[in-house]
Every structure is written in structure tokens, then in C-alpha cells.
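A.B. asks: Take this structure, written in C-alpha cells, and hold onto it; I'll ask about it next.
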Amino acid sequence: MANVLLLRAPSNGQEDRYQTTFAEAGYQSISVPVLETISTNLPALKDTIRSGPRAENFDGVIITSARSCEVWKSAVGDLPKDSSVGTGEDSWSSTPFYVVGQATASALAEVREAYGQTPYTPEIICGESSGTGERLAQYIRELTLKPKRLLYLTGDKNRDTVPSMLEEAGIELRSLKVYETQGSRTFERDMKQVLSQNTGFALAFHRWWIVHFAPSAAEFVTPILGNHFNFESISPLKGPSICTPTPRVAAIGSVTAAFLQNELRIHVHVAPPKPTPQDLLAAIVGYDRDSAS
């Protein structure tokens, strides 16, 4: 079986669903953190949470990344439990949170696990089967009771697909940037440790899969990974190197796949329809099986 390099941070304090899923299928996988996250506008988020959804007539919250969930969790941890936020409709626990995937839903559920039932705790989590921001926006547009105004928690690299689709449907958004990302200062060192200390990850004797999760991460790591791998290019300028392996590449999400191919000119072998460990595994297994036949 192949080695699988997951370019993302492993789960903290719990079983990593990606690595467990691949291990059960006989693949050896490892996660290497690529990006560092810096919280932004935390005071503004705390004020919004403390005031409650009715203060700004929010009918729901859109969260499209686990990092935004972590910032919400951090803000809730700093707020008093004896809140002035009301109950019923004036409580975040009775406000729908629209998420883009199961990983985001699980990250949001950690708020309740950490702090129990509070007026700040997300209880109504919707849209986790959507898989992409575009499909989540379409899901919201098609709701029978369509929201009029939503709080949208973003990072510094969000595309305008979700806002455009919702605004076209007459849904107002208040966007609040709650995190920024930058390349991990330890990624190059971490990669060298992975390749030197894990004998099962020996470069020369195993087939490799490299899994990209975000365009910004892909742009940052590609020059570093190029020291260890020979990527299959869309428009190759030189022949393959005999000294480094040529990995197969998987991309989570159509945006990441398009960025790898159109901007970095790296061939993407599979792009699973949804960002779940099961869908990723199925895509990789299917490609490996078809390639071997």
C-alpha cells in the first residue's frame, strides 16, 4: 500500500479520523501541519456573541472552516456563564449554524463538549453534508424558511462565492474575519523529520499520495515538497527525476484542485466529491485499483 501525506494538522486530543480511516484500509498516513492560524477581531466577536443574535437580527451563522469554530470556542471560553444573553430566539443555542462539512460540524460540537449548555453554545448545526461553500449556499437558498440576515465568520482567504450566491437570493450577510493564516515556520523541519525518522515512509521504495486541503497551503508547501518529490506537471518542462519519487496528488475541494492545476500546474489525480475521510479514501483506493488493472 501507499504512504499518504496529509497536509493538515492532526486532530488534537482525540482520534484523528483521516489517519484512522486510512489505517483501517491498510494505508500508512501521517499529518503534517502546514499553516499557522492567528485569531483576529476577537473582541468584536465576543461583543457579538455577548449581545446575542437578536441584537443585529441574525437568523443564523455560517461557518466554513474548523478554524472559525476554534475561534468561536475561544471567545465563548472568555465569556461569563451567567450571560445577559436571553433564552429562546435570543440565544445562540436556538440559532442555526450552517457548516460546510462533517469536520466543521465536529469542531463546532466541541464548544458544547468544552463548556456544556450555555446561551453561546451552538446546538442547531445544519448543512454538514453539503461539502463545499457553493453547495452550502445553495442549501441555504433552498430552505423553506429562508433566513434574511446571517453572520458569516471568515478567514483572510475566503472566496466570494458564498456571499454572492446568498446576496443574489436576497439574504444579507455580515462578514467578520476571525482568523488569518500563514505558512508554518516549522514545516520544512517537520517534513525532514517525517522522511528521516519514519522508516515506513522511505522515499525510494514506496508509492506516495500527497493530499492538499487548501490553495494557500498548497502554494506555501510546493517549493519545499519539490526538494523531496517530483510532481507530475500539467505542462512538463523537463523529464522526471530518477532521484525523487513522483507522487499522486489528491485535492480536497474543487477550489483547491483548480488552484493546483491552473496556478501551480500540478496534475491532480483525484478530487473527492465531499471533504470526508471516507470520500477521500474511496477516491484514492479507486484510482489505485484502476491504475493497477
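By order of appearance in the C-alpha cells: chains A, B, ..., then residues from 1 within every chain, and ligands from 1 in the order shown.
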Using only C-alpha atoms, tabulate the residues of stretch 14-77 of chain A lying at most 12 Å from any atom of stretch 166-185 of chain A, each with its closest atom pair and that distance in Å to one decimal, by chain and increasing residue number, as a Markdown table.

C.D. replies:
```
| residue | atom | partner | partner_atom | distance |
| --- | --- | --- | --- | --- |
| A:Val32 | CA | A:Ser184 | CA | 10.0 |
| A:Pro33 | CA | A:Ser184 | CA | 7.1 |
| A:Val34 | CA | A:Ser184 | CA | 5.3 |
| A:Leu35 | CA | A:Gly183 | CA | 4.6 |
| A:Glu36 | CA | A:Ser184 | CA | 5.2 |
| A:Thr37 | CA | A:Thr181 | CA | 4.6 |
| A:Ile38 | CA | A:Glu180 | CA | 5.2 |
| A:Ser39 | CA | A:Tyr179 | CA | 4.3 |
| A:Thr40 | CA | A:Val178 | CA | 4.7 |
| A:Asn41 | CA | A:Val178 | CA | 5.6 |
| A:Leu42 | CA | A:Val178 | CA | 6.6 |
| A:Pro43 | CA | A:Val178 | CA | 9.9 |
| A:Ala44 | CA | A:Leu176 | CA | 8.5 |
| A:Leu45 | CA | A:Val178 | CA | 7.6 |
| A:Lys46 | CA | A:Val178 | CA | 10.7 |
| A:Thr48 | CA | A:Leu176 | CA | 10.1 |
| A:Pro53 | CA | A:Arg174 | CA | 12.0 |
| A:Glu56 | CA | A:Arg174 | CA | 9.4 |
| A:Asn57 | CA | A:Glu172 | CA | 10.4 |
| A:Phe58 | CA | A:Arg174 | CA | 8.9 |
| A:Asp59 | CA | A:Glu172 | CA | 10.1 |
| A:Gly60 | CA | A:Leu173 | CA | 9.9 |
| A:Val61 | CA | A:Leu173 | CA | 9.4 |
| A:Ile62 | CA | A:Leu173 | CA | 9.3 |
| A:Ile63 | CA | A:Ser175 | CA | 10.6 |
| A:Thr64 | CA | A:Val178 | CA | 11.9 |
| A:Ser65 | CA | A:Tyr179 | CA | 10.3 |
| A:Ala66 | CA | A:Tyr179 | CA | 10.9 |
| A:Arg67 | CA | A:Tyr179 | CA | 7.4 |
| A:Ser68 | CA | A:Val178 | CA | 6.5 |
| A:Cys69 | CA | A:Val178 | CA | 9.7 |
| A:Glu70 | CA | A:Tyr179 | CA | 9.7 |
| A:Val71 | CA | A:Val178 | CA | 6.8 |
| A:Trp72 | CA | A:Val178 | CA | 8.6 |
| A:Lys73 | CA | A:Val178 | CA | 11.7 |
| A:Ser74 | CA | A:Val178 | CA | 11.0 |
| A:Ala75 | CA | A:Val178 | CA | 10.4 |
```

A.B. asks: Applying 10 Å and only C-alpha atoms, which residues near A:Glu134 remain after dropping the ones on its own chain fewer than 5 positions away? List them as a ChimeraX atom specification.

C.D. replies: /A:100,139,160-166

A.B. asks: Could you give me the residues within stretch 87-178 of chain A that DSSP places in strand (DSSP E or B), as a PyMOL selection string?

C.D. replies: chain A and resi 96-99+124-126+149-154+172-177

A.B. asks: Between A:Asn230, A:Ser293, A:Gln102, A:Asn12, which has the minimum distance to A:Cys126 (counting only C-alpha atoms)?

C.D. replies: A:Gln102

A.B. asks: Step one, run DSSP on the backbone; step two, keep only residues of stretch 80-202 of chain A assigned to helix (DSSP H, G or I); then write them as a ChimeraX atom specification.

C.D. replies: /A:88-90,92-94,102-115,133-141,161-168,187-197,199-201

A.B. asks: May I have a table of the residues of stretch 75-115 of chain A lying at most 12 Å from stretch 142-147 of chain A, giving each one's closest pair of atoms and their distance in Å to one decimal, counting only C-alpha atoms, ordered by chain and ascending residue number, as JSON lines?

C.D. replies:
```
{"residue": "A:Thr95", "atom": "CA", "partner": "A:Pro147", "partner_atom": "CA", "distance": 10.8}
{"residue": "A:Pro96", "atom": "CA", "partner": "A:Pro147", "partner_atom": "CA", "distance": 9.7}
{"residue": "A:Phe97", "atom": "CA", "partner": "A:Pro147", "partner_atom": "CA", "distance": 11.5}
{"residue": "A:Tyr98", "atom": "CA", "partner": "A:Pro147", "partner_atom": "CA", "distance": 11.1}
```

A.B. asks: Export, as a compact mmCIF listing (two decimals), in the first residue's frame, the selected residues with N, CA, C and O atoms.

C.D. replies:
```txt
# COMPACT_ATOMS: atom_id res chain seq x y z
N THR A 95 -30.15 29.22 17.54
CA THR A 95 -29.85 29.81 16.24
C THR A 95 -29.16 28.79 15.35
O THR A 95 -28.20 28.15 15.78
N PRO A 96 -29.61 28.60 14.10
CA PRO A 96 -28.96 27.64 13.21
C PRO A 96 -27.53 28.05 12.86
O PRO A 96 -27.27 29.23 12.57
N PHE A 97 -26.63 27.08 12.89
CA PHE A 97 -25.27 27.26 12.42
C PHE A 97 -25.11 26.42 11.16
O PHE A 97 -25.27 25.20 11.20
N TYR A 98 -24.80 27.07 10.05
CA TYR A 98 -24.67 26.39 8.77
C TYR A 98 -23.20 26.11 8.50
O TYR A 98 -22.38 27.04 8.45
```

A.B. asks: I want to know what sits within 6 Å of stretch 252-254 of chain A, based on only C-alpha atoms, with residues of the same chain fewer than 5 positions away left out; could you give that as a list in words?

C.D. replies: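 So, after excluding close chain neighbours, the residues are Phe213, Ala271 and Pro275 of chain A.
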
A.B. asks: Quick check, in Å to one decimal: how far apart do atom CA of A:Ala25 and atom CA of A:Asp290 lie?

C.D. replies: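 Rounded to one decimal, the two atoms are 16.6 Å apart.
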
A.B. asks: Identify, on the basis of only C-alpha atoms, every residue whose closest approach to A:Gly26 does not exceed 10 Å; exclude the query and any residue fewer than 4 positions from it along the same chain; express the result as a list in words.

C.D. replies: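 Near neighbours after the sequence-gap exclusion: Met1, Ala2, Asn3, Thr20, Thr21 and Phe22 of chain A.
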
A.B. asks: Closest to A:Glu219 among A:Arg135, A:Thr118, A:Gln261, A:Leu108, using only C-alpha atoms?

C.D. replies: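 Nearest to A:Glu219: A:Gln261.
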
A.B. asks: In Å to one decimal, how far is atom CA of A:Gly101 from atom CA of A:Pro273?

C.D. replies: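 For atom CA of A:Pro273 relative to atom CA of A:Gly101, the distance reads 11.4 Å.
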
A.B. asks: My list of candidates is A:Arg8, A:Lys274, A:Arg248, A:Arg189. Which is closest to A:Leu136 when distances are computed with only C-alpha atoms?

C.D. replies: A:Lys274

A.B. asks: Would you mind reading off the distance between atom CA of A:Arg112 and atom CA of A:Gly77, one decimal, in Å?

C.D. replies: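 Result for atom CA of A:Arg112 versus atom CA of A:Gly77: 10.9 Å, one decimal.
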